[in-house]
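These notes are about the structure you will find just below.
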Amino acid sequence: MEARINMFENEITGKFVKRLIAASHPVEESSLPKATQELVKIRASQINGCGMCLDMHTKDAAAAGETAVRLALVAAWREAVVFTEAERAALALTEEGTRLADSHTGVSDETWAAVRKHYDDEQIGALIALVATINAWNRLNVIARNPAGEYQPGMFG
């Protein structure tokens, strides 16, 4: 499989992805736990069918010490006992924020209350920004058909 377009070599997409990378810095610098950040990226990428992002974020999470069991269970987090209540709230927010078209209410009050219970304002801002940016990355990669499987942890860092 080959990508339809090289986003870094195209003038417009090249400028856009550089700005999207820069937009991610406040989240990366926030107090939102890194493990939670990777779980959010993985779950949104599963929903959106983005192989490139799944390849990247599962490998980055594993390199950072995430267990194979937790990585394998992200798609079934509701039935898994390996996630904290805070992580479960973040995963619920991720799903509802990614599947906006599935509900006229967007993020439910129940999910919002769970997020509020476990995260402070800075972390909530980081979660919202993270869900928005990973969904943007997923769309870019799926549209361009960027292939998965060759990513090495930290290669874009």
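Simple scheme: letters A, B, ... for chains in structure tokens order, numbers from 1 for residues in each chain, numbers from 1 for ligands in the order shown.
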
Contacts of region 111-116 of chain A within 9 Å, only C-alpha atoms, excl. fewer than 4 positions in-chain, as a PDB file with N, CA, C and O atoms, in the first residue's frame:
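In the end it all went to around-v9.pdb:
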ATOM      1  N   GLU A  85     -10.720   4.263  36.908  1.00  0.00           N
ATOM      2  CA  GLU A  85     -11.957   5.019  36.680  1.00  0.00           C
ATOM      3  C   GLU A  85     -11.671   6.303  35.890  1.00  0.00           C
ATOM      4  O   GLU A  85     -12.462   6.695  35.037  1.00  0.00           O
ATOM      5  N   ALA A  86     -10.554   6.948  36.165  1.00  0.00           N
ATOM      6  CA  ALA A  86     -10.189   8.156  35.417  1.00  0.00           C
ATOM      7  C   ALA A  86      -9.952   7.826  33.940  1.00  0.00           C
ATOM      8  O   ALA A  86     -10.420   8.554  33.053  1.00  0.00           O
ATOM      9  N   ARG A  88     -11.198   5.360  32.305  1.00  0.00           N
ATOM     10  CA  ARG A  88     -12.494   4.992  31.730  1.00  0.00           C
ATOM     11  C   ARG A  88     -13.290   6.249  31.368  1.00  0.00           C
ATOM     12  O   ARG A  88     -13.942   6.301  30.323  1.00  0.00           O
ATOM     13  N   ALA A  89     -13.224   7.268  32.198  1.00  0.00           N
ATOM     14  CA  ALA A  89     -13.904   8.530  31.892  1.00  0.00           C
ATOM     15  C   ALA A  89     -13.300   9.165  30.641  1.00  0.00           C
ATOM     16  O   ALA A  89     -14.031   9.656  29.765  1.00  0.00           O
ATOM     17  N   ALA A  90     -11.977   9.140  30.533  1.00  0.00           N
ATOM     18  CA  ALA A  90     -11.307   9.698  29.349  1.00  0.00           C
ATOM     19  C   ALA A  90     -11.662   8.907  28.099  1.00  0.00           C
ATOM     20  O   ALA A  90     -11.876   9.502  27.018  1.00  0.00           O
ATOM     21  N   ALA A  92     -14.448   7.184  27.607  1.00  0.00           N
ATOM     22  CA  ALA A  92     -15.841   7.498  27.277  1.00  0.00           C
ATOM     23  C   ALA A  92     -15.928   8.843  26.553  1.00  0.00           C
ATOM     24  O   ALA A  92     -16.643   8.975  25.544  1.00  0.00           O
ATOM     25  N   LEU A  93     -15.209   9.841  27.056  1.00  0.00           N
ATOM     26  CA  LEU A  93     -15.181  11.152  26.404  1.00  0.00           C
ATOM     27  C   LEU A  93     -14.632  11.029  24.983  1.00  0.00           C
ATOM     28  O   LEU A  93     -15.153  11.638  24.041  1.00  0.00           O
ATOM     29  N   GLU A  96     -17.376   9.404  22.711  1.00  0.00           N
ATOM     30  CA  GLU A  96     -18.490  10.304  22.435  1.00  0.00           C
ATOM     31  C   GLU A  96     -18.040  11.517  21.620  1.00  0.00           C
ATOM     32  O   GLU A  96     -18.778  11.991  20.758  1.00  0.00           O
ATOM     33  N   VAL A 107     -21.429  14.843  23.729  1.00  0.00           N
ATOM     34  CA  VAL A 107     -20.944  14.203  24.953  1.00  0.00           C
ATOM     35  C   VAL A 107     -22.053  14.245  25.996  1.00  0.00           C
ATOM     36  O   VAL A 107     -22.594  15.312  26.302  1.00  0.00           O
ATOM     37  N   ASP A 120      -8.821  17.821  36.538  1.00  0.00           N
ATOM     38  CA  ASP A 120      -8.952  19.261  36.816  1.00  0.00           C
ATOM     39  C   ASP A 120      -9.150  20.010  35.494  1.00  0.00           C
ATOM     40  O   ASP A 120      -9.145  19.409  34.410  1.00  0.00           O
ATOM     41  N   ASP A 121      -9.332  21.317  35.574  1.00  0.00           N
ATOM     42  CA  ASP A 121      -9.627  22.108  34.379  1.00  0.00           C
ATOM     43  C   ASP A 121      -8.529  22.015  33.320  1.00  0.00           C
ATOM     44  O   ASP A 121      -8.821  21.921  32.124  1.00  0.00           O
ATOM     45  N   ILE A 124      -8.835  18.632  31.674  1.00  0.00           N
ATOM     46  CA  ILE A 124     -10.035  18.570  30.831  1.00  0.00           C
ATOM     47  C   ILE A 124      -9.787  19.319  29.523  1.00  0.00           C
ATOM     48  O   ILE A 124     -10.132  18.836  28.442  1.00  0.00           O
TER      49      ILE A 124
END

Inset, instruction - Please provide the set of residues having any atom within 8 Å of region 25-41 of chain A, restricted to only C-alpha atoms, with same-chain residues fewer than 6 positions apart removed, written as a VMD selection string. - result: chain A and resid 53 to 54 57 to 58 60 to 61 66 71 74 87 90 to 91 94 122 to 123 126 to 127 129 to 131 134

Inset, instruction - Rank nothing, just name the residue among A:Phe16, A:Ile5, A:Ile42, A:Ser24 nearest to Ala62 (chain A), using only C-alpha atoms. - result: A:Ile42

Inset, instruction - Name the residues in contact with Arg99 (chain A) at a cut-off of 12 Å, using only C-alpha atoms, excluding same-chain residues fewer than 5 positions from it; report them as a ChimeraX atom specification. - result: /A:43-48,92-94,104-108,131-132,135

Could you write those residues out with N, CA, C and O atoms, as a JSON list (two decimals), in the first residue's frame?
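Final output, again-v6.json:
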[["chain", "number", "residue", "atom", "x", "y", "z"],
["A", 43, "ARG", "N", -7.80, 4.79, 21.16],
["A", 43, "ARG", "CA", -9.24, 4.52, 21.04],
["A", 43, "ARG", "C", -9.86, 5.30, 19.88],
["A", 43, "ARG", "O", -10.64, 4.73, 19.10],
["A", 44, "ALA", "N", -9.54, 6.56, 19.75],
["A", 44, "ALA", "CA", -10.09, 7.33, 18.63],
["A", 44, "ALA", "C", -9.63, 6.73, 17.29],
["A", 44, "ALA", "O", -10.42, 6.62, 16.35],
["A", 45, "SER", "N", -8.38, 6.32, 17.24],
["A", 45, "SER", "CA", -7.84, 5.75, 16.00],
["A", 45, "SER", "C", -8.49, 4.41, 15.66],
["A", 45, "SER", "O", -8.68, 4.09, 14.49],
["A", 46, "GLN", "N", -8.86, 3.64, 16.68],
["A", 46, "GLN", "CA", -9.60, 2.40, 16.44],
["A", 46, "GLN", "C", -10.95, 2.71, 15.83],
["A", 46, "GLN", "O", -11.36, 2.09, 14.84],
["A", 47, "ILE", "N", -11.65, 3.65, 16.41],
["A", 47, "ILE", "CA", -12.98, 4.03, 15.93],
["A", 47, "ILE", "C", -12.91, 4.52, 14.48],
["A", 47, "ILE", "O", -13.74, 4.17, 13.65],
["A", 48, "ASN", "N", -11.90, 5.32, 14.18],
["A", 48, "ASN", "CA", -11.77, 5.93, 12.85],
["A", 48, "ASN", "C", -11.06, 5.04, 11.84],
["A", 48, "ASN", "O", -10.93, 5.41, 10.67],
["A", 92, "ALA", "N", -14.45, 7.18, 27.61],
["A", 92, "ALA", "CA", -15.84, 7.50, 27.28],
["A", 92, "ALA", "C", -15.93, 8.84, 26.55],
["A", 92, "ALA", "O", -16.64, 8.97, 25.54],
["A", 93, "LEU", "N", -15.21, 9.84, 27.06],
["A", 93, "LEU", "CA", -15.18, 11.15, 26.40],
["A", 93, "LEU", "C", -14.63, 11.03, 24.98],
["A", 93, "LEU", "O", -15.15, 11.64, 24.04],
["A", 94, "THR", "N", -13.60, 10.23, 24.83],
["A", 94, "THR", "CA", -13.00, 10.01, 23.51],
["A", 94, "THR", "C", -14.02, 9.43, 22.55],
["A", 94, "THR", "O", -14.17, 9.90, 21.41],
["A", 104, "HIS", "N", -27.31, 13.27, 19.01],
["A", 104, "HIS", "CA", -27.61, 14.70, 18.86],
["A", 104, "HIS", "C", -27.14, 15.51, 20.07],
["A", 104, "HIS", "O", -27.06, 16.73, 19.99],
["A", 105, "THR", "N", -26.81, 14.83, 21.15],
["A", 105, "THR", "CA", -26.35, 15.56, 22.35],
["A", 105, "THR", "C", -24.84, 15.63, 22.46],
["A", 105, "THR", "O", -24.32, 16.27, 23.37],
["A", 106, "GLY", "N", -24.12, 14.96, 21.56],
["A", 106, "GLY", "CA", -22.65, 14.98, 21.65],
["A", 106, "GLY", "C", -22.19, 14.20, 22.86],
["A", 106, "GLY", "O", -22.54, 13.03, 23.03],
["A", 107, "VAL", "N", -21.43, 14.84, 23.73],
["A", 107, "VAL", "CA", -20.94, 14.20, 24.95],
["A", 107, "VAL", "C", -22.05, 14.25, 26.00],
["A", 107, "VAL", "O", -22.59, 15.31, 26.30],
["A", 108, "SER", "N", -22.36, 13.09, 26.56],
["A", 108, "SER", "CA", -23.44, 13.00, 27.53],
["A", 108, "SER", "C", -23.09, 13.68, 28.85],
["A", 108, "SER", "O", -21.91, 13.83, 29.19],
["A", 131, "VAL", "N", -8.65, 14.97, 21.91],
["A", 131, "VAL", "CA", -9.68, 14.29, 21.11],
["A", 131, "VAL", "C", -9.82, 15.00, 19.76],
["A", 131, "VAL", "O", -9.91, 14.35, 18.71],
["A", 132, "ALA", "N", -9.81, 16.32, 19.76],
["A", 132, "ALA", "CA", -9.93, 17.07, 18.51],
["A", 132, "ALA", "C", -8.73, 16.82, 17.59],
["A", 132, "ALA", "O", -8.90, 16.56, 16.39],
["A", 135, "ASN", "N", -8.46, 13.16, 16.16],
["A", 135, "ASN", "CA", -9.46, 12.97, 15.11],
["A", 135, "ASN", "C", -9.02, 13.65, 13.82],
["A", 135, "ASN", "O", -9.23, 13.11, 12.73]]

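Between CA of Leu20 (chain A) and CA of Leu140 (chain A) the interatomic distance comes to 10.8 Å.
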
Inset, instruction - If you run DSSP over the backbone, which residues in chain A end up alpha helix (DSSP H)? Put them as a ChimeraX atom specification. - result: /A:11-28,34-48,51-63,68-73,85-98,109-118,121-144

Legend entry - Interatomic distance, CA of His118 (chain A) to CA of Ala80 (chain A) (Å, one decimal): 18.7 Å

Legend entry - Pairwise distance for CA of Ile21 (chain A) and CA of Gly65 (chain A), rounded to one decimal in Å: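 Spanning CA of Ile21 (chain A) to CA of Gly65 (chain A) is a straight-line distance of 23.5 Å.
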
Considering only C-alpha atoms, tabulate each residue of region 5-92 of chain A that lies at most 7 Å from region 141-147 of chain A along with its nearest interatomic pair and the corresponding distance in Å to one decimal; arrange the rows by chain and ascending residue number and present them as a tab-separated table.
residue	atom	partner	partner_atom	distance
A:Ile5	CA	A:Ala144	CA	5.8
A:Cys50	CA	A:Val142	CA	5.7
A:Gly51	CA	A:Pro147	CA	6.8
A:Met52	CA	A:Pro147	CA	5.8

Legend entry - Of the listed residues A:Arg78, A:Lys117, A:Lys18, A:Arg70, that which approaches Phe156 (chain A) most closely, counting only C-alpha atoms: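 Looking only at the distances to Phe156 (chain A), the closest residue turns out to be A:Lys18.
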
Legend entry - Polymer residues at most 9 Å from Val82 (chain A), only C-alpha atoms, same-chain spacing of 4 or more positions, as a PyMOL selection string: chain A and resi 69-70+73+77

Write the residues of the selection above to a file with all heavy atoms, as a tab-separated table (two decimals), in the first residue's frame.
chain	number	residue	atom	x	y	z
A	69	VAL	N	-1.43	-6.32	27.64
A	69	VAL	CA	-2.82	-6.62	28.02
A	69	VAL	C	-3.68	-5.36	27.91
A	69	VAL	O	-4.76	-5.39	27.31
A	69	VAL	CB	-2.89	-7.21	29.45
A	69	VAL	CG1	-4.32	-7.30	29.94
A	69	VAL	CG2	-2.22	-8.57	29.49
A	70	ARG	N	-3.21	-4.26	28.46
A	70	ARG	CA	-3.99	-3.02	28.39
A	70	ARG	C	-4.14	-2.55	26.94
A	70	ARG	O	-5.21	-2.12	26.53
A	70	ARG	CB	-3.37	-1.94	29.27
A	70	ARG	CG	-3.69	-2.17	30.74
A	70	ARG	CD	-2.94	-1.25	31.68
A	70	ARG	NE	-2.83	0.13	31.31
A	70	ARG	CZ	-3.62	1.12	31.76
A	70	ARG	NH1	-4.61	0.86	32.59
A	70	ARG	NH2	-3.41	2.37	31.39
A	73	LEU	N	-6.75	-4.49	25.17
A	73	LEU	CA	-8.13	-4.33	25.68
A	73	LEU	C	-8.71	-2.94	25.49
A	73	LEU	O	-9.85	-2.70	25.90
A	73	LEU	CB	-8.18	-4.74	27.16
A	73	LEU	CG	-7.99	-6.23	27.42
A	73	LEU	CD1	-7.91	-6.50	28.91
A	73	LEU	CD2	-9.13	-7.03	26.78
A	77	TRP	N	-12.69	-1.60	26.48
A	77	TRP	CA	-12.39	-1.02	27.78
A	77	TRP	C	-13.55	-1.13	28.76
A	77	TRP	O	-13.33	-1.25	29.96
A	77	TRP	CB	-11.93	0.43	27.64
A	77	TRP	CG	-12.96	1.37	27.09
A	77	TRP	CD1	-13.16	1.69	25.78
A	77	TRP	CD2	-13.93	2.11	27.83
A	77	TRP	NE1	-14.20	2.58	25.65
A	77	TRP	CE2	-14.68	2.86	26.90
A	77	TRP	CE3	-14.24	2.21	29.18
A	77	TRP	CZ2	-15.73	3.69	27.28
A	77	TRP	CZ3	-15.28	3.05	29.57
A	77	TRP	CH2	-16.00	3.78	28.61

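Of the residues listed (A:Arg4, A:Met56, A:Glu95, A:Glu9), A:Met56 shows the shortest atom-to-atom separation from Met155 (chain A); distances use only C-alpha atoms.
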
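The residue that comes closest to Gln152 (chain A), out of A:Asp55, A:Glu79, A:Glu2, A:Glu11 and on the basis of only C-alpha atoms, is A:Asp55.
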